[in-house]
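Undergrad: This one is protein11.txt, compact mmCIF, C-alpha atoms.
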```
# COMPACT_ATOMS: atom_id res chain seq x y z
CA LYS Z 14 -2.33 86.17 -3.86
CA LEU Z 15 -0.70 82.87 -3.02
CA PRO Z 16 1.49 82.07 -6.05
CA ILE Z 17 0.37 79.03 -8.02
CA HIS Z 18 3.17 77.19 -9.79
CA GLU Z 19 3.17 74.20 -12.11
CA LYS Z 20 3.30 71.11 -9.93
CA THR Z 21 6.52 69.09 -9.97
CA ILE Z 22 6.93 65.35 -9.41
CA ASN Z 23 7.91 66.15 -5.81
CA ASP Z 24 4.59 67.95 -5.30
CA TYR Z 25 2.70 64.90 -6.48
CA LEU Z 26 4.79 62.46 -4.41
CA ARG Z 27 4.36 64.58 -1.30
CA PHE Z 28 0.61 64.69 -1.92
CA ILE Z 29 0.39 60.88 -2.37
CA PHE Z 30 2.40 59.98 0.74
CA LEU Z 31 1.19 62.71 3.10
CA ARG Z 32 -2.49 62.69 2.08
CA PRO Z 33 -3.27 59.19 0.74
CA SER Z 34 -7.03 59.45 1.36
CA ASP Z 35 -7.21 62.76 -0.52
CA PHE Z 36 -5.14 61.24 -3.33
CA LEU Z 37 -7.53 58.29 -3.66
CA PHE Z 38 -10.50 60.64 -3.70
CA LYS Z 39 -8.81 62.79 -6.35
CA LEU Z 40 -8.10 59.67 -8.41
CA TYR Z 41 -11.72 58.63 -8.11
CA LYS Z 42 -12.92 62.02 -9.28
CA ALA Z 43 -10.53 61.95 -12.24
CA ARG Z 44 -11.69 58.50 -13.27
CA LYS Z 45 -15.30 59.59 -12.99
CA ARG Z 46 -14.63 62.61 -15.22
CA ASP Z 47 -13.13 60.29 -17.81
CA LYS Z 48 -16.35 58.23 -17.70
CA LYS Z 49 -14.44 55.17 -16.54
CA LYS Z 50 -16.78 54.34 -13.71
CA LEU Z 51 -15.33 52.57 -10.71
CA ILE Z 52 -17.56 49.67 -9.81
CA TYR Z 53 -18.14 48.72 -6.19
CA ASN Z 54 -20.37 45.97 -4.89
CA PRO Z 55 -20.47 46.52 -1.12
CA SER Z 56 -22.77 44.44 1.04
CA PHE Z 57 -23.36 47.28 3.47
CA ALA Z 58 -22.20 50.82 4.15
CA LEU Z 59 -21.64 52.99 7.19
CA VAL Z 60 -23.61 56.22 6.92
CA GLY Z 61 -23.97 59.24 9.15
CA GLY Z 62 -26.99 61.48 8.80
CA LEU Z 63 -30.06 61.55 6.57
CA VAL Z 64 -28.24 63.28 3.70
CA SER Z 65 -25.65 60.47 3.52
CA GLU Z 66 -28.40 57.87 3.67
CA LYS Z 67 -30.21 59.54 0.78
CA LEU Z 68 -27.03 59.68 -1.33
CA LEU Z 69 -26.32 56.03 -0.59
CA ARG Z 70 -29.78 54.91 -1.71
CA ARG Z 71 -29.48 56.97 -4.86
CA ASN Z 72 -26.19 55.32 -5.87
CA TYR Z 73 -26.75 51.78 -4.60
CA LYS Z 74 -30.16 50.19 -4.94
CA ASN Z 75 -29.59 46.94 -3.05
CA ILE Z 76 -27.38 47.72 -0.10
CA LYS Z 77 -27.78 47.40 3.64
CA GLU Z 78 -27.18 50.50 5.73
CA LEU Z 79 -25.31 50.56 8.97
CA LYS Z 80 -26.47 53.79 10.54
CA ALA Z 81 -23.54 55.40 12.31
CA HIS Z 82 -22.53 59.07 12.51
CA SER Z 83 -19.90 61.55 11.37
CA PHE Z 84 -16.33 61.19 12.64
CA ASP Z 85 -16.81 64.43 14.57
CA TYR Z 86 -19.36 62.60 16.70
CA ASP Z 87 -16.72 60.02 17.58
CA ILE Z 88 -14.59 62.91 18.87
CA TYR Z 89 -17.62 64.27 20.73
CA LEU Z 90 -18.04 60.90 22.47
CA SER Z 91 -14.41 60.82 23.58
CA LYS Z 92 -13.07 62.57 26.67
CA PRO Z 93 -12.24 66.24 25.91
CA LYS Z 94 -8.75 67.61 26.46
CA ASN Z 95 -8.10 69.81 29.47
CA ILE Z 96 -7.84 73.45 28.38
CA LYS Z 97 -6.27 74.82 31.57
CA SER Z 98 -2.84 74.80 29.93
CA LEU Z 99 -4.15 77.15 27.22
CA ASN Z 100 -4.22 80.00 29.76
CA ILE Z 101 -7.61 81.41 28.72
CA LYS Z 102 -8.64 83.93 31.37
CA LYS Z 103 -11.83 85.54 30.08
CA ASN Z 104 -14.99 84.83 28.12
CA PHE Z 105 -14.24 84.28 24.47
CA ALA Z 106 -15.62 83.68 21.01
CA VAL Z 107 -13.87 81.14 18.80
CA PHE Z 108 -13.21 81.62 15.09
CA ILE Z 109 -12.97 78.36 13.13
CA ASP Z 110 -10.16 79.00 10.68
CA GLU Z 111 -10.27 77.23 7.29
CA TYR Z 112 -6.73 78.36 6.41
CA ASN Z 113 -7.83 80.68 3.65
CA PRO Z 114 -6.33 81.64 1.26
CA TYR Z 115 -3.41 79.23 1.87
CA HIS Z 116 -5.37 75.98 1.96
CA PRO Z 117 -3.34 73.10 0.42
CA ASP Z 118 -6.09 72.47 -2.14
CA VAL Z 119 -5.23 75.81 -3.78
CA LEU Z 120 -1.70 74.55 -4.47
CA LEU Z 121 -2.26 70.87 -5.11
CA TYR Z 122 -5.60 70.96 -6.94
CA GLY Z 123 -5.26 74.36 -8.58
CA ALA Z 124 -8.49 75.32 -6.80
CA GLN Z 125 -9.67 78.91 -6.79
CA ALA Z 126 -8.58 80.85 -3.70
CA ALA Z 127 -11.53 82.00 -1.59
CA CYS Z 128 -10.37 85.61 -1.64
CA ASP Z 129 -7.47 87.91 -2.43
CA GLU Z 130 -4.90 87.50 0.35
CA ALA Z 131 -4.62 91.15 1.45
CA ILE Z 132 -8.38 91.79 1.31
CA TYR Z 133 -9.13 88.63 3.27
CA HIS Z 134 -6.71 89.47 6.08
CA ASN Z 135 -7.66 93.14 6.32
CA GLU Z 136 -11.40 92.48 6.40
CA LEU Z 137 -11.07 89.78 9.06
CA LYS Z 138 -8.80 91.81 11.33
CA SER Z 139 -11.03 94.87 11.02
CA PHE Z 140 -14.10 92.76 11.84
CA PHE Z 141 -12.41 91.07 14.80
CA GLU Z 142 -11.37 94.40 16.30
CA LYS Z 143 -14.87 95.80 16.03
CA PHE Z 144 -16.47 92.57 17.26
CA GLU Z 145 -14.30 92.52 20.38
CA LYS Z 146 -15.16 96.15 21.19
CA LEU Z 147 -18.90 95.62 20.70
CA THR Z 148 -19.16 92.33 22.61
CA ASN Z 149 -16.30 92.46 25.13
CA LEU Z 150 -15.43 88.92 24.03
CA GLU Z 151 -11.87 87.94 23.20
CA ILE Z 152 -11.56 86.13 19.86
CA ILE Z 153 -9.43 82.98 19.87
CA ILE Z 154 -8.52 81.30 16.59
CA ALA Z 155 -9.11 77.56 16.27
CA GLY Z 156 -6.27 76.80 13.86
CA HIS Z 157 -6.80 74.55 10.86
CA PRO Z 158 -5.16 71.11 11.36
CA ARG Z 159 -3.02 71.61 8.23
CA GLY Z 160 -2.36 75.29 8.85
CA TYR Z 161 1.18 76.61 9.27
CA TYR Z 162 0.94 79.81 11.27
CA ALA Z 163 4.57 80.57 12.13
CA SER Z 164 4.90 82.77 9.03
CA PHE Z 165 1.34 84.02 8.54
CA GLY Z 166 -0.27 84.05 12.00
CA LYS Z 167 0.16 87.72 12.90
CA LYS Z 168 -0.42 88.80 9.32
CA MET Z 169 -3.72 86.92 9.31
CA PHE Z 170 -5.08 87.59 12.79
CA GLY Z 171 -2.93 90.22 14.51
CA ASN Z 172 -1.84 89.27 18.04
CA ARG Z 173 -4.75 86.93 18.72
CA LYS Z 174 -4.15 83.45 20.09
CA ILE Z 175 -4.02 80.71 17.47
CA ILE Z 176 -4.58 77.26 18.97
CA LYS Z 177 -4.37 74.09 16.89
CA ASN Z 178 -5.84 70.67 17.69
CA TYR Z 179 -8.30 72.00 20.29
CA THR Z 180 -11.19 72.96 18.00
CA ARG Z 181 -13.72 70.74 19.80
CA GLU Z 182 -12.69 72.01 23.24
CA LEU Z 183 -12.56 75.68 22.19
CA ILE Z 184 -16.08 75.45 20.79
CA GLN Z 185 -17.29 73.59 23.88
CA HIS Z 186 -16.06 76.33 26.25
CA SER Z 187 -16.79 79.35 24.07
CA GLN Z 188 -19.66 81.80 24.41
CA LEU Z 189 -20.07 82.07 20.62
CA VAL Z 190 -18.68 80.58 17.42
CA LEU Z 191 -17.59 82.59 14.38
CA ALA Z 192 -17.40 80.62 11.16
CA HIS Z 193 -17.44 80.57 7.39
CA ALA Z 194 -18.57 77.06 6.36
CA SER Z 195 -16.30 74.63 8.22
CA THR Z 196 -17.45 71.08 8.94
CA SER Z 197 -16.42 71.81 12.56
CA LEU Z 198 -19.81 73.51 12.80
CA ASN Z 199 -20.82 69.99 13.86
CA PHE Z 200 -19.35 70.73 17.29
CA ALA Z 201 -21.23 74.02 17.58
CA VAL Z 202 -24.45 72.12 16.91
CA LEU Z 203 -23.62 69.30 19.32
CA TYR Z 204 -22.74 71.74 22.11
CA LYS Z 205 -25.63 74.04 21.14
CA LYS Z 206 -23.45 77.10 20.75
CA PRO Z 207 -24.70 80.22 18.94
CA VAL Z 208 -22.99 80.76 15.60
CA LYS Z 209 -22.32 83.96 13.69
CA PHE Z 210 -21.43 83.38 10.05
CA ILE Z 211 -18.96 85.67 8.28
CA ASN Z 212 -19.23 86.49 4.58
CA SER Z 213 -17.93 89.11 2.16
CA ILE Z 214 -18.72 90.40 -1.32
CA ASN Z 215 -15.02 89.90 -2.02
CA TYR Z 216 -15.12 86.12 -1.60
CA SER Z 217 -15.34 83.86 -4.63
CA ARG Z 218 -18.84 83.06 -5.81
CA SER Z 219 -18.63 79.40 -4.76
CA TYR Z 220 -17.29 80.24 -1.30
CA HIS Z 221 -19.82 83.03 -0.82
CA ASP Z 222 -22.65 80.63 -1.72
CA SER Z 223 -21.36 77.83 0.53
CA ILE Z 224 -21.33 80.22 3.51
CA ASN Z 225 -24.90 81.36 2.76
CA LYS Z 226 -26.06 77.74 2.58
CA ALA Z 227 -24.35 76.86 5.86
CA ALA Z 228 -25.95 79.88 7.55
CA LYS Z 229 -29.37 79.04 6.14
CA SER Z 230 -29.13 75.52 7.57
CA LEU Z 231 -29.09 77.08 11.07
CA SER Z 232 -31.58 79.83 10.25
CA GLN Z 233 -28.88 82.51 10.29
CA LYS Z 234 -27.98 85.45 8.09
CA PRO Z 235 -24.24 85.98 7.65
CA ILE Z 236 -22.53 89.19 8.77
CA LEU Z 237 -21.24 90.85 5.62
CA ILE Z 238 -17.87 92.08 6.84
CA SER Z 239 -17.16 93.92 3.59
CA ASN Z 240 -19.88 96.36 4.72
CA THR Z 241 -19.94 98.59 7.78
CA PHE Z 242 -21.89 97.52 10.87
CA ASP Z 243 -22.35 98.86 14.39
CA HIS Z 244 -24.21 96.08 16.20
CA ILE Z 245 -23.76 92.39 17.00
CA ASP Z 246 -26.86 90.59 18.26
CA LEU Z 247 -25.83 88.27 21.09
CA LYS Z 248 -29.35 87.72 22.45
CA SER Z 249 -30.88 85.77 19.58
CA GLY Z 250 -29.65 82.40 20.92
CA ILE Z 251 -30.12 79.29 18.83
CA ASN Z 252 -32.99 77.83 16.85
CA GLU Z 253 -33.51 74.48 18.60
CA ASN Z 254 -35.45 72.99 15.68
CA LYS Z 255 -32.78 73.95 13.14
CA TYR Z 256 -30.00 72.56 15.33
CA ARG Z 257 -31.91 69.29 15.71
CA ASP Z 258 -32.50 69.12 11.93
CA PHE Z 259 -28.82 69.82 11.23
CA LYS Z 260 -27.79 67.00 13.55
CA LEU Z 261 -30.22 64.59 11.88
CA LYS Z 262 -29.16 65.57 8.35
CA PHE Z 263 -25.39 65.83 8.69
CA ILE Z 264 -24.22 64.19 11.94
CA LYS Z 265 -26.40 61.26 12.98
CA SER Z 266 -29.96 60.03 12.54
CA ASN Z 267 -29.86 57.12 15.00
CA LYS Z 268 -29.79 57.00 18.80
CA ASN Z 269 -26.65 54.88 19.08
CA ASP Z 270 -23.72 56.30 21.02
CA VAL Z 271 -21.32 53.56 19.96
CA LYS Z 272 -18.15 54.67 18.15
CA ILE Z 273 -18.00 54.05 14.40
CA TRP Z 274 -15.39 51.30 14.31
CA ASN Z 275 -17.04 49.50 17.24
CA LEU Z 276 -20.27 49.49 15.26
CA PHE Z 277 -18.35 48.22 12.25
CA ALA Z 278 -16.69 45.45 14.31
CA LEU Z 279 -20.04 44.37 15.74
CA ARG Z 280 -21.49 44.15 12.22
CA ILE Z 281 -18.55 42.13 10.91
CA ASN Z 282 -18.79 39.86 13.93
CA SER Z 283 -22.49 39.25 13.22
CA LEU Z 284 -21.68 38.32 9.62
CA LEU Z 285 -18.86 35.93 10.45
CA PHE Z 286 -20.12 34.19 13.56
```
Kindly transcribe the structure held in the file into structure tokens.
TA:
Amino acid sequence: KLPIHEKTINDYLRFIFLRPSDFLFKLYKARKRDKKKLIYNPSFALVGGLVSEKLLRRNYKNIKELKAHSFDYDIYLSKPKNIKSLNIKKNFAVFIDEYNPYHPDVLLYGAQAACDEAIYHNELKSFFEKFEKLTNLEIIIAGHPRGYYASFGKKMFGNRKIIKNYTRELIQHSQLVLAHASTSLNFAVLYKKPVKFINSINYSRSYHDSINKAAKSLSQKPILISNTFDHIDLKSGINENKYRDFKLKFIKSNKNDVKIWNLFALRINSLLF
């Protein structure tokens, strides 16, 4: 397993300066645990999706909503990068890596690792090999933005391509998406790509449950890679109703295709002038 050591002052300083938004969120959570409630009195809030709207109304009774969308939808609205330089020559499936079990939260928050390191790697590599043989699809890894693969890449995924900062484009041009429970599933929904969820009896209870919930949201049953299997169904396609519901709940509930900060600027402009 990834060794967990007692955090030094350098660990905390690095966390504060490199991940200020995560630090503020962590501070908020700590204050909430101590029952020292932080009091906000916003006039309005930007929300993306019905779930966010429901949470907002639960926490703030007299607040105006500015219906926007998730930040992933902003990326979706922008021009995609050209993938010709990636030298992809055949049909492929993309695996959305969440950088388990090395995710920074394990070190900085003392969070539980999703799985034992050796078991996680061995199960994934075994599954990938069998998947590629059964489907004739190459698997390309969409690297986690904070992942460092120079030391662990081959150990984690064998000789497969690991490509960072092209998750949206890899999903867009893939034939199929393999995932655990990444928020990048938003792109699979937006591009209407079929998704196969991966789970294991060796994952932590919380991670196992989060994968099952993500799969259920798209009317899928995860492939249990800790068990043996001899078939991958590529003909089932997508459930259009579930994909539409997912978009409404977690991505956007309005029909605006204006980027978030443009919406925000328009609202501020209407208040001031």
Undergrad: Just to confirm, what's the straight-line distance from CA of Lys102 in chain Z to CA of Pro158 in chain Z in Å (one decimal)?
TA: 24.0 Å
Undergrad: Which residue gives the smallest distance to Gln185 in chain Z among Z:Asn75, Z:Thr241, Z:Asn95, Z:Asn172, with all atoms listed in the file counted?
TA: Z:Asn95
Undergrad: Would you pick out the contacts of Tyr216 in chain Z at 8 Å or less, using all atoms listed in the file, so that residues sharing its chain but fewer than 4 positions from it are not included, and give the list as JSON, numbers by chain?
TA: {"Z": [127, 128, 129, 212, 220, 221]}
Undergrad: Find the spatial neighbours of Ala194 in chain Z, counting only C-alpha atoms, within a cut-off of 9 Å - ignore same-chain residues fewer than 4 positions away - and output them as a PyMOL selection string.
TA: chain Z and resi 109+111+198+210-211+220+223-228
Undergrad: Go ahead and write the residues just picked, C-alpha atoms, as a PDB file, in the coordinates of the input.
TA:
```pdb
ATOM      1  CA  ILE Z 109     -12.970  78.360  13.130  1.00  0.00           C
ATOM      2  CA  GLU Z 111     -10.270  77.230   7.290  1.00  0.00           C
ATOM      3  CA  LEU Z 198     -19.810  73.510  12.800  1.00  0.00           C
ATOM      4  CA  PHE Z 210     -21.430  83.380  10.050  1.00  0.00           C
ATOM      5  CA  ILE Z 211     -18.960  85.670   8.280  1.00  0.00           C
ATOM      6  CA  TYR Z 220     -17.290  80.240  -1.300  1.00  0.00           C
ATOM      7  CA  SER Z 223     -21.360  77.830   0.530  1.00  0.00           C
ATOM      8  CA  ILE Z 224     -21.330  80.220   3.510  1.00  0.00           C
ATOM      9  CA  ASN Z 225     -24.900  81.360   2.760  1.00  0.00           C
ATOM     10  CA  LYS Z 226     -26.060  77.740   2.580  1.00  0.00           C
ATOM     11  CA  ALA Z 227     -24.350  76.860   5.860  1.00  0.00           C
ATOM     12  CA  ALA Z 228     -25.950  79.880   7.550  1.00  0.00           C
TER      13      ALA Z 228
END
```
Undergrad: Which polymer residues, protein or nucleic acid, are no farther than 12 Å from (-14.4, 67.1, 25.7), counting only C-alpha atoms, as a list in words?
TA: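 Output: Asp85, Tyr86, Asp87, Ile88, Tyr89, Leu90, Ser91, Lys92, Pro93, Lys94, Asn95, Ile96, Tyr179, Thr180, Arg181, Glu182, Leu183, Ile184, Gln185, His186, Phe200, Leu203 and Tyr204 of chain Z.
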Undergrad: Between CA of Lys138 in chain Z and CA of Lys206 in chain Z, what distance in Å does the model show, to one decimal?
TA: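 These atoms are spaced 22.8 Å apart.
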Undergrad: Give me range 58-109 of chain Z from this structure - C-alpha atoms, as an mmCIF file, in the first residue's frame.
TA:
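Final output, saved to part_34.cif:
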```
data_model
loop_
_atom_site.group_PDB
_atom_site.id
_atom_site.type_symbol
_atom_site.label_atom_id
_atom_site.label_comp_id
_atom_site.auth_asym_id
_atom_site.auth_seq_id
_atom_site.Cartn_x
_atom_site.Cartn_y
_atom_site.Cartn_z
ATOM 1 C CA ALA Z 58 -25.987 31.462 -6.571
ATOM 2 C CA LEU Z 59 -24.817 29.755 -9.730
ATOM 3 C CA VAL Z 60 -26.110 26.194 -9.906
ATOM 4 C CA GLY Z 61 -25.710 23.403 -12.405
ATOM 5 C CA GLY Z 62 -28.242 20.591 -12.504
ATOM 6 C CA LEU Z 63 -31.367 19.705 -10.546
ATOM 7 C CA VAL Z 64 -29.425 18.083 -7.696
ATOM 8 C CA SER Z 65 -27.471 21.312 -7.059
ATOM 9 C CA GLU Z 66 -30.666 23.328 -7.215
ATOM 10 C CA LYS Z 67 -32.293 21.063 -4.634
ATOM 11 C CA LEU Z 68 -29.294 21.333 -2.295
ATOM 12 C CA LEU Z 69 -29.283 25.105 -2.653
ATOM 13 C CA ARG Z 70 -32.957 25.418 -1.739
ATOM 14 C CA ARG Z 71 -32.452 23.143 1.240
ATOM 15 C CA ASN Z 72 -29.634 25.297 2.656
ATOM 16 C CA TYR Z 73 -30.809 28.768 1.652
ATOM 17 C CA LYS Z 74 -34.486 29.625 1.845
ATOM 18 C CA ASN Z 75 -34.454 33.100 0.297
ATOM 19 C CA ILE Z 76 -31.950 33.059 -2.522
ATOM 20 C CA LYS Z 77 -32.160 33.664 -6.235
ATOM 21 C CA GLU Z 78 -30.826 30.970 -8.526
ATOM 22 C CA LEU Z 79 -28.774 31.596 -11.593
ATOM 23 C CA LYS Z 80 -29.154 28.375 -13.528
ATOM 24 C CA ALA Z 81 -25.855 27.552 -15.177
ATOM 25 C CA HIS Z 82 -24.119 24.182 -15.609
ATOM 26 C CA SER Z 83 -21.128 22.152 -14.474
ATOM 27 C CA PHE Z 84 -17.625 23.325 -15.400
ATOM 28 C CA ASP Z 85 -17.328 20.261 -17.633
ATOM 29 C CA TYR Z 86 -20.046 21.765 -19.810
ATOM 30 C CA ASP Z 87 -17.925 24.880 -20.239
ATOM 31 C CA ILE Z 88 -15.180 22.603 -21.591
ATOM 32 C CA TYR Z 89 -17.748 20.881 -23.802
ATOM 33 C CA LEU Z 90 -18.726 24.260 -25.279
ATOM 34 C CA SER Z 91 -15.120 25.150 -26.082
ATOM 35 C CA LYS Z 92 -13.262 24.010 -29.184
ATOM 36 C CA PRO Z 93 -11.760 20.521 -28.673
ATOM 37 C CA LYS Z 94 -8.038 19.907 -29.043
ATOM 38 C CA ASN Z 95 -6.772 18.192 -32.171
ATOM 39 C CA ILE Z 96 -5.858 14.579 -31.377
ATOM 40 C CA LYS Z 97 -3.844 13.862 -34.537
ATOM 41 C CA SER Z 98 -0.597 14.380 -32.614
ATOM 42 C CA LEU Z 99 -1.586 11.562 -30.233
ATOM 43 C CA ASN Z 100 -0.921 9.027 -33.009
ATOM 44 C CA ILE Z 101 -4.016 6.891 -32.376
ATOM 45 C CA LYS Z 102 -4.348 4.493 -35.310
ATOM 46 C CA LYS Z 103 -7.224 2.174 -34.426
ATOM 47 C CA ASN Z 104 -10.587 2.062 -32.687
ATOM 48 C CA PHE Z 105 -10.197 2.377 -28.951
ATOM 49 C CA ALA Z 106 -11.887 2.354 -25.576
ATOM 50 C CA VAL Z 107 -10.825 4.951 -23.024
ATOM 51 C CA PHE Z 108 -10.332 4.236 -19.322
ATOM 52 C CA ILE Z 109 -10.872 7.263 -17.079
#
```
